[in-house]
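One structure is given below, encoded as structure tokens.
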Amino acid sequence: MPSQKAGEHFSEQSSAALPERISEELIAELVDTFYGRVRLDPLIGPIFLDKLGDDWDAHLAKLRDFWSSVTLMSGRYRGKPQQVHMPLPLQMQHFERWLALFEQTVTELCTGPAKFLFIDRARRIADSLQISLNIGPKALALPERSTSG
């Protein structure tokens, strides 16, 4: 068995055992692992901490519902992501970091169709939010938005 290099999270052998299909259990593991990393991230962590403080349980449950609805079409999520993100001080670099962390987490936790679906949906969601928030290269030519309420 080849030895792992520094920074490798799993070997080829262990990646073969990763799930290829999305399940509620995989969604819960992905959400919990990913947002554990988000909390510690110096760029995007403070945005979440300013909004949520220590009240992460309800947020994580909502995100599990969101990803269940997005990937399994469970219909459990009830919310308006654009409105929730509108008052946040988000810029392109925040979306780039969010996607990088998300894709890293997905790659570590699943493979095949599950991996590709999660990553595809995350990129589409990021694009949609950037357009609605008038951020980044796909943004419409709208007047600058105000983050003050």
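Just so we're on the same page: first chain in the structure tokens is A, next is B, and so on; residues restart at 1 for each chain, and ligands are numbered from 1 in the order they show up.
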Any idea what's packed within 9 Å of A:Ala139, counting only C-alpha atoms, ignoring anything in its chain fewer than 5 positions away? Could you give it as a list in words?
Asp127, Gln130, Ile131, Ser132, Leu133 and Asn134 of chain A
Same residues, C-alpha atoms, output as a CSV table (one decimal), in the first residue's frame:
chain,number,residue,atom,x,y,z
A,127,ASP,CA,-23.7,31.6,-9.5
A,130,GLN,CA,-23.8,36.2,-7.0
A,131,ILE,CA,-26.2,37.3,-9.8
A,132,SER,CA,-29.0,38.1,-7.3
A,133,LEU,CA,-26.5,40.0,-5.0
A,134,ASN,CA,-24.9,41.8,-8.0
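Contact shell of stretch 19-22 of chain A at 12 Å (only C-alpha atoms; same-chain neighbours under 3 positions omitted): A:Ser14, A:Ser15, A:Ala16, A:Glu25, A:Leu26, A:Ile27, A:Ala28, A:Glu29, A:Leu30, A:Trp67, A:Ser68, A:Ser69, A:Val70, A:Thr71, A:Leu72, A:Met73, A:Val106, A:Thr107, A:Glu108, A:Leu109, A:Cys110, A:Thr111, A:Gly112, A:Pro113, A:Ala114, A:Lys115, A:Phe116, A:Leu117, A:Phe118.
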Legend entry - Selection near stretch 93-101 of chain A, 9 Å with only C-alpha atoms, sequence-local residues under 5 positions removed, as a list in words: Phe34, Arg37, Val38, Asp41, Leu43, Ile44, Val106, Ile119, Ala122, Arg123, Ala126, Asp127 and Gln130 of chain A
Export of the given selection (N, CA and C atoms) as a PDB file, in the first residue's frame:
ATOM      1  N   PHE A  34     -18.420  20.208   6.534  1.00  0.00           N
ATOM      2  CA  PHE A  34     -18.158  21.447   5.804  1.00  0.00           C
ATOM      3  C   PHE A  34     -18.292  22.669   6.707  1.00  0.00           C
ATOM      4  N   ARG A  37     -15.579  23.292   9.106  1.00  0.00           N
ATOM      5  CA  ARG A  37     -14.438  23.962   8.467  1.00  0.00           C
ATOM      6  C   ARG A  37     -14.720  25.446   8.242  1.00  0.00           C
ATOM      7  N   VAL A  38     -15.935  25.757   7.855  1.00  0.00           N
ATOM      8  CA  VAL A  38     -16.318  27.156   7.631  1.00  0.00           C
ATOM      9  C   VAL A  38     -16.111  27.965   8.905  1.00  0.00           C
ATOM     10  N   ASP A  41     -12.544  28.953   9.243  1.00  0.00           N
ATOM     11  CA  ASP A  41     -11.904  29.633   8.122  1.00  0.00           C
ATOM     12  C   ASP A  41     -11.756  31.127   8.412  1.00  0.00           C
ATOM     13  N   LEU A  43     -11.416  33.667   6.432  1.00  0.00           N
ATOM     14  CA  LEU A  43     -12.089  34.574   5.500  1.00  0.00           C
ATOM     15  C   LEU A  43     -13.609  34.535   5.650  1.00  0.00           C
ATOM     16  N   ILE A  44     -14.193  33.353   5.601  1.00  0.00           N
ATOM     17  CA  ILE A  44     -15.661  33.284   5.633  1.00  0.00           C
ATOM     18  C   ILE A  44     -16.223  32.946   7.007  1.00  0.00           C
ATOM     19  N   VAL A 106     -16.551  17.682  -0.230  1.00  0.00           N
ATOM     20  CA  VAL A 106     -17.266  16.706  -1.058  1.00  0.00           C
ATOM     21  C   VAL A 106     -16.303  15.642  -1.568  1.00  0.00           C
ATOM     22  N   ILE A 119     -21.164  19.033  -6.326  1.00  0.00           N
ATOM     23  CA  ILE A 119     -20.323  20.120  -6.837  1.00  0.00           C
ATOM     24  C   ILE A 119     -21.069  20.938  -7.884  1.00  0.00           C
ATOM     25  N   ALA A 122     -23.647  23.106  -6.072  1.00  0.00           N
ATOM     26  CA  ALA A 122     -22.995  24.177  -5.310  1.00  0.00           C
ATOM     27  C   ALA A 122     -22.553  25.307  -6.233  1.00  0.00           C
ATOM     28  N   ARG A 123     -21.994  24.962  -7.372  1.00  0.00           N
ATOM     29  CA  ARG A 123     -21.565  25.996  -8.323  1.00  0.00           C
ATOM     30  C   ARG A 123     -22.759  26.773  -8.866  1.00  0.00           C
ATOM     31  N   ALA A 126     -23.984  29.085  -6.100  1.00  0.00           N
ATOM     32  CA  ALA A 126     -23.072  30.230  -5.965  1.00  0.00           C
ATOM     33  C   ALA A 126     -23.303  31.228  -7.096  1.00  0.00           C
ATOM     34  N   ASP A 127     -23.443  30.734  -8.325  1.00  0.00           N
ATOM     35  CA  ASP A 127     -23.715  31.627  -9.463  1.00  0.00           C
ATOM     36  C   ASP A 127     -25.019  32.388  -9.258  1.00  0.00           C
ATOM     37  N   GLN A 130     -24.647  35.034  -6.561  1.00  0.00           N
ATOM     38  CA  GLN A 130     -23.828  36.153  -7.033  1.00  0.00           C
ATOM     39  C   GLN A 130     -24.622  37.052  -7.976  1.00  0.00           C
TER      40      GLN A 130
END
Atom pair atom CA of A:Val31 + atom CA of A:Leu60, distance 6.9 Å
DSSP-assigned alpha helix (DSSP H) among stretch 18-76 of chain A, expressed as a ChimeraX atom specification: /A:24-40,45-52,57-72
Write out the residues from the selection above, keeping C-alpha atoms, as a PDB file, in the first residue's frame.
ATOM      1  CA  GLU A  24     -29.649  11.686   4.140  1.00  0.00           C
ATOM      2  CA  GLU A  25     -26.705  10.318   6.139  1.00  0.00           C
ATOM      3  CA  LEU A  26     -24.201  11.583   3.571  1.00  0.00           C
ATOM      4  CA  ILE A  27     -25.903  14.987   3.491  1.00  0.00           C
ATOM      5  CA  ALA A  28     -25.693  15.252   7.291  1.00  0.00           C
ATOM      6  CA  GLU A  29     -22.014  14.269   7.288  1.00  0.00           C
ATOM      7  CA  LEU A  30     -21.228  16.709   4.473  1.00  0.00           C
ATOM      8  CA  VAL A  31     -23.067  19.640   6.078  1.00  0.00           C
ATOM      9  CA  ASP A  32     -21.568  19.031   9.518  1.00  0.00           C
ATOM     10  CA  THR A  33     -18.015  18.533   8.222  1.00  0.00           C
ATOM     11  CA  PHE A  34     -18.158  21.447   5.804  1.00  0.00           C
ATOM     12  CA  TYR A  35     -19.583  23.962   8.264  1.00  0.00           C
ATOM     13  CA  GLY A  36     -17.111  22.797  10.909  1.00  0.00           C
ATOM     14  CA  ARG A  37     -14.438  23.962   8.467  1.00  0.00           C
ATOM     15  CA  VAL A  38     -16.318  27.156   7.631  1.00  0.00           C
ATOM     16  CA  ARG A  39     -16.375  28.124  11.313  1.00  0.00           C
ATOM     17  CA  LEU A  40     -12.577  27.921  11.436  1.00  0.00           C
ATOM     18  CA  GLY A  45     -15.881  32.064   9.225  1.00  0.00           C
ATOM     19  CA  PRO A  46     -16.350  35.569  10.687  1.00  0.00           C
ATOM     20  CA  ILE A  47     -19.324  36.261   8.383  1.00  0.00           C
ATOM     21  CA  PHE A  48     -21.122  33.168   9.650  1.00  0.00           C
ATOM     22  CA  LEU A  49     -20.115  33.797  13.257  1.00  0.00           C
ATOM     23  CA  ASP A  50     -21.364  37.403  13.105  1.00  0.00           C
ATOM     24  CA  LYS A  51     -24.725  36.168  11.821  1.00  0.00           C
ATOM     25  CA  LEU A  52     -25.128  32.987  13.892  1.00  0.00           C
ATOM     26  CA  ASP A  57     -27.855  23.761  15.522  1.00  0.00           C
ATOM     27  CA  ALA A  58     -30.894  25.316  13.836  1.00  0.00           C
ATOM     28  CA  HIS A  59     -28.757  26.566  10.951  1.00  0.00           C
ATOM     29  CA  LEU A  60     -27.218  23.134  10.338  1.00  0.00           C
ATOM     30  CA  ALA A  61     -30.663  21.506  10.427  1.00  0.00           C
ATOM     31  CA  LYS A  62     -31.893  24.033   7.865  1.00  0.00           C
ATOM     32  CA  LEU A  63     -28.877  23.354   5.648  1.00  0.00           C
ATOM     33  CA  ARG A  64     -29.460  19.604   5.850  1.00  0.00           C
ATOM     34  CA  ASP A  65     -33.029  20.274   4.694  1.00  0.00           C
ATOM     35  CA  PHE A  66     -31.716  22.549   1.930  1.00  0.00           C
ATOM     36  CA  TRP A  67     -29.249  20.000   0.553  1.00  0.00           C
ATOM     37  CA  SER A  68     -31.827  17.223   0.871  1.00  0.00           C
ATOM     38  CA  SER A  69     -34.213  19.305  -1.224  1.00  0.00           C
ATOM     39  CA  VAL A  70     -31.528  20.228  -3.765  1.00  0.00           C
ATOM     40  CA  THR A  71     -30.096  16.731  -4.244  1.00  0.00           C
ATOM     41  CA  LEU A  72     -32.866  14.304  -3.269  1.00  0.00           C
TER      42      LEU A  72
END
Worksheet item: Quick one: distance from atom CA of A:Pro89 to atom CA of A:Pro137 in Å, one decimal?
Response: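 Those two atoms sit 17.3 Å apart.
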